[in-house]
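Presented below is the structure to which this report refers.
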Amino acid sequence: MISNEAHGGTRGWLSVIGAAVLVLAAGPVAAQEAAVTMTLEEAISLARQNNPVYRQTANDESVADWNVRQAYGSFLPSLSVNGSMSYSASGTPRIGIFSSAELGISRLPANYSSGYSIGMGLSLSGSTIFRAVEAKANQGATEKRVAAAAYQLSTDVTRQYLAALRAADGVEIARSALESTEEALRLAQARAAAGDATRIDAGQAEVDRGRTEVLLLQAENLARTAKLGLLQTVGIELERDFELTSTFEVFEPRYDLEQLRSIAGTTNPTLAAARADEAAANAASRAAKTAYLPSFNINAGWSGTIRRTGTDQYQIDRALSSATSQAENQIENCQFMNQLSARLNSPLPGYPVTDCTGEYAVTPAREAEIRGVVLAEYDRFPFDYDPNPFGVSLSVSLPIIDGFTRERNVHQARVQVEDAEHRRRAQELNQRAEVTTNMLALETAWRTVALEERNSATATEQLELAQERYRLGAGSILELTQAQETKIRADFAQLDAVYTFHETLAALEAAVGIPLRAMTNAAGDLEVPSSRER
């Protein structure tokens with residue numbers, strides 16, 4: 001409801017009352033007899049939690065935070081770990097168009113292989129540094145846009161709340177008008193029954209009552225529609241009716257226009273968002289120029305593999321065959337050296353060897369040793385890897401010609417900076433114009449409220465006089481009807497003036513960027529805390 005008394009204390013716009021939120025969220029479990037109420041502060045709090053359009057904007061903040069983490073993560077080396085295992089069945093492989101058997105390779109047994117690799121890499125460039133700066137600037141711009149969206153949402157909820165209050169007060173005026181016409185109808189019927197008036201008077205009074213019934217019906221429908229609009233802006237559904245309990249008082253605004261302009265230039269969330277967007281565009285422009293700088297890449301890696309066949313006998317046979325072949329070569333070489341030494345005048349040291357075969361032949365003990373080595377190697381699979389040599393590389397890249405891609409990107413970034421500057425400048429001009437326009441409109445609304453209050457008081461006196469005159473038989477039903485219509489028009493005009501004042505004040509608060517009503521003292525002066533306190 002609206003009070004036209006001197007301005008008093010007003011609740012803060014952004015206080016959150018948890019109990020009321022629970023009442024609004026409760027369903028049939030809540031006490032059915034308890035009245036559901038909603039203050040402006042509760043409506044704003046609920047809207048920030050539930051309005052889908054605002055929630056979409058607010059979600060951008062977490063994405064911007066992760067973009068910053070990713071940008072700073074570019075200074076950390078990348079790390080990758082890979083592991084692999086493979087199996088190939090036994091058979092005769094093909095090498096191109098030839099079978100391995102044609103090349104003297106026998107049938108191969110089944111094979112298992114296992115391996116690992118660990119890779120680390122680090123890429124550094126001017127882009128790495130400036131992209132982090134750009135991400136940080138974008139994060140700040142996103143936070144400002146979210147703050148601007150939150151303040152705009154508060155303004156929208158306030159306007160819807162005022163519209164719902166206006167409609168509710170319109171219902172009260174329509175009910176008062178209906179009571180007045182019903183009283184006039186009773187008077188007309190009583191006078192007609194007494195013979196002091198004609199049936200025309202009673203008919204005219206009945207028509208007037210019917211008109212006010214229609215007026216009340218329309219006002220009630222408008223009130224329901226306004227509440228639905230408020231719930232839509234808040235972002236909730238509520239099956240039960242609810243009561244709006246916040247009050248707003250009309251006061252004489254004694255604001256200084258230059259002070260309001262100065263405050264708007266520093267605190268308005270929309271203007272702050274435009275400036276943050278400009279800063280982000282400048283950061284992106286600097287980042288685009290880093291394409292001319294060289295980039296450095298460092299990579300290091302560790303790896304290892306191990307293999308085994310499907311059966312250990314194959315490996316044993318290969319090892320024994322290799323040892324036997326080596327022994328035969330050694331025996332043959334020993335015999336050759338014996339013959340050579342025998343032909344020399346001075347025998348070679350260590351020759352002749354008495355028994356070359358016994359010296360180099362593969363003995364059962366040697367076979368057992370070879371078998372043990374193979375089996376030990378066989379048991380290493382799959383995780384006792386044979387490491388490959390460690391490797392590290394450093395590369396430097398300096399782009400020379402890329403088909404004017406860098407030039408285009410730099411120019412595009414510069415144009416975006418200029419566009420952001422123009423948007424910021426346009427927002428500054430718009431804010432100054434909005435502050436000035438709404439301040440002038442608020443002063444006009446204040447004077448209009450005073451005039452309409454006087455008009456309504458005069459219309460009330462005229463209606464009381466007309467009712468008394470008609471009751472005494474000194475006035476006509478037309479005079480009474482005219483007084484009733486004048487009263488209705490005056491009441492609605494006063495209602496319109498009062499809510500125009502509050503709506504204009506809400507628009508001025510949106511333009512300035514601070515809750516002026518909460519910072520206005522009883523005399524109507526603005527008490528703005530210092531920038532540090534804010």
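In the structure tokens, each chain is lettered A, B, ... as it comes, each chain's residues begin at 1, and ligands are numbered from 1 in order of appearance.
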
Exercise. Running DSSP on the backbone, which parts of stretch 85-330 of chain A land in helix (DSSP H, G or I), as a ChimeraX atom specification?
Worked result: /A:126-194,199-234,257-267,269-292,312-330

Can you tell me which residues surround A:Glu278 at a distance of at most 7 Å, considering only C-alpha atoms, apart from same-chain residues fewer than 6 positions away, and format the answer as a tab-separated table (two decimals) with all heavy atoms, in the first residue's frame?
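Contents of the output file result_11.tsv:
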```
chain	number	residue	atom	x	y	z
A	417	VAL	N	37.89	-2.46	-30.23
A	417	VAL	CA	38.20	-1.49	-29.18
A	417	VAL	C	37.46	-0.18	-29.43
A	417	VAL	O	36.86	0.42	-28.52
A	417	VAL	CB	39.71	-1.26	-29.08
A	417	VAL	CG1	40.03	-0.07	-28.17
A	417	VAL	CG2	40.41	-2.50	-28.57
A	420	ALA	N	33.84	-0.56	-28.66
A	420	ALA	CA	33.60	-0.57	-27.21
A	420	ALA	C	33.69	0.85	-26.65
A	420	ALA	O	32.92	1.22	-25.75
A	420	ALA	CB	34.62	-1.48	-26.51
A	421	GLU	N	34.61	1.65	-27.16
A	421	GLU	CA	34.70	3.05	-26.71
A	421	GLU	C	33.44	3.82	-27.07
A	421	GLU	O	32.93	4.61	-26.26
A	421	GLU	CB	35.92	3.71	-27.37
A	421	GLU	CG	37.26	3.18	-26.86
A	421	GLU	CD	38.43	3.77	-27.62
A	421	GLU	OE1	38.17	4.45	-28.65
A	421	GLU	OE2	39.58	3.55	-27.21
```

Can you check which parts of stretch 214-284 of chain A lie within 12 Å of stretch 41-64 of chain A? Per residue, the shortest pair of atoms and distance in Å to one decimal, counting only C-alpha atoms, sorted by chain and number, as CSV.
```
residue,atom,partner,partner_atom,distance
A:Lys227,CA,A:Ala43,CA,11.5
A:Leu230,CA,A:Ala43,CA,8.5
A:Leu231,CA,A:Ala43,CA,8.5
A:Gln232,CA,A:Asn51,CA,8.0
A:Thr233,CA,A:Asn51,CA,6.5
A:Val234,CA,A:Ala47,CA,4.0
A:Gly235,CA,A:Asn51,CA,4.3
A:Ile236,CA,A:Asn50,CA,6.6
A:Glu237,CA,A:Asn50,CA,10.2
A:Phe242,CA,A:Ala43,CA,11.8
A:Glu243,CA,A:Ala43,CA,11.8
A:Leu244,CA,A:Ala43,CA,9.7
A:Thr245,CA,A:Glu41,CA,10.4
A:Ser246,CA,A:Glu41,CA,8.4
A:Thr247,CA,A:Glu41,CA,11.4
```

List the neighbours of A:Ala272 out to 10 Å using only C-alpha atoms; skip same-chain residues closer than 3 positions along the sequence, and give me the result as a compact mmCIF listing (two decimals) with N, CA and C atoms, in the first residue's frame.
```
# COMPACT_ATOMS: atom_id res chain seq x y z
N ALA A 141 34.84 -8.07 -16.89
CA ALA A 141 33.70 -7.58 -17.67
C ALA A 141 32.46 -8.43 -17.42
N LYS A 144 30.92 -7.52 -14.12
CA LYS A 144 30.20 -6.26 -14.20
C LYS A 144 28.86 -6.44 -14.93
N ARG A 145 28.87 -7.27 -15.98
CA ARG A 145 27.61 -7.51 -16.70
C ARG A 145 26.61 -8.23 -15.80
N ALA A 147 26.50 -8.02 -12.53
CA ALA A 147 26.04 -7.02 -11.57
C ALA A 147 25.01 -6.08 -12.20
N ALA A 148 25.25 -5.69 -13.46
CA ALA A 148 24.29 -4.83 -14.15
C ALA A 148 22.97 -5.56 -14.37
N ALA A 264 26.09 8.67 -10.67
CA ALA A 264 25.80 7.78 -11.79
C ALA A 264 27.06 7.46 -12.59
N GLY A 265 27.97 8.45 -12.70
CA GLY A 265 29.19 8.21 -13.47
C GLY A 265 30.13 7.22 -12.84
N THR A 266 29.97 6.96 -11.54
CA THR A 266 30.89 6.07 -10.84
C THR A 266 30.25 4.77 -10.35
N THR A 267 28.94 4.77 -10.15
CA THR A 267 28.31 3.59 -9.52
C THR A 267 27.31 2.87 -10.41
N ASN A 268 26.86 3.47 -11.49
CA ASN A 268 25.85 2.80 -12.31
C ASN A 268 26.38 1.48 -12.85
N PRO A 269 25.73 0.34 -12.57
CA PRO A 269 26.25 -0.96 -13.00
C PRO A 269 26.33 -1.11 -14.52
N ARG A 275 32.34 0.05 -19.36
CA ARG A 275 33.77 0.35 -19.20
C ARG A 275 34.59 -0.94 -19.08
N ALA A 276 34.04 -1.94 -18.40
CA ALA A 276 34.75 -3.22 -18.31
C ALA A 276 34.85 -3.89 -19.67
N ASP A 277 33.82 -3.78 -20.48
CA ASP A 277 33.88 -4.32 -21.85
C ASP A 277 34.95 -3.61 -22.67
N GLU A 278 35.08 -2.31 -22.47
CA GLU A 278 36.12 -1.56 -23.17
C GLU A 278 37.51 -2.03 -22.74
N ARG A 424 30.64 2.71 -24.77
CA ARG A 424 30.82 3.31 -23.45
C ARG A 424 30.43 4.78 -23.45
N GLN A 427 26.74 5.11 -23.62
CA GLN A 427 26.13 4.79 -22.32
C GLN A 427 26.28 5.95 -21.35
N GLU A 428 27.44 6.62 -21.38
CA GLU A 428 27.63 7.78 -20.51
C GLU A 428 26.64 8.90 -20.85
N GLY A 513 22.01 4.32 -10.20
CA GLY A 513 22.71 3.09 -9.84
C GLY A 513 22.77 2.80 -8.37
```

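The shortest atom-to-atom distance to A:Ser295, with only C-alpha atoms taken into account, belongs to A:Ile129 out of A:Val415, A:Glu461, A:Ile129, A:Arg517.
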
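The two atoms in question, atom CA of A:Ile298 and atom CA of A:Pro399, are spaced 17.6 Å apart.
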
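When only C-alpha atoms are used to measure the gap to A:Ala219, the shortest distance among A:Phe336, A:Tyr255, A:Phe492, A:Tyr351 belongs to A:Phe492.
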
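In this structure, atom CA of A:Gln412 sits 19.8 Å away from atom CA of A:Ile400.
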
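Distances here use only C-alpha atoms; by that measure, the residue among A:Thr324, A:Asn297, A:Gln339, A:Ser285 closest to A:Glu367 is A:Thr324.
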
For this session: Tell me, as JSON, numbers by chain, which residues lie within 12 Å of A:Val528, counting only C-alpha atoms; anything in the same chain fewer than 5 positions away does not count.
Result: {"A": [255, 256, 259, 260, 262, 263, 267, 512, 514, 515, 516, 517, 518, 519, 520, 521, 533, 534]}
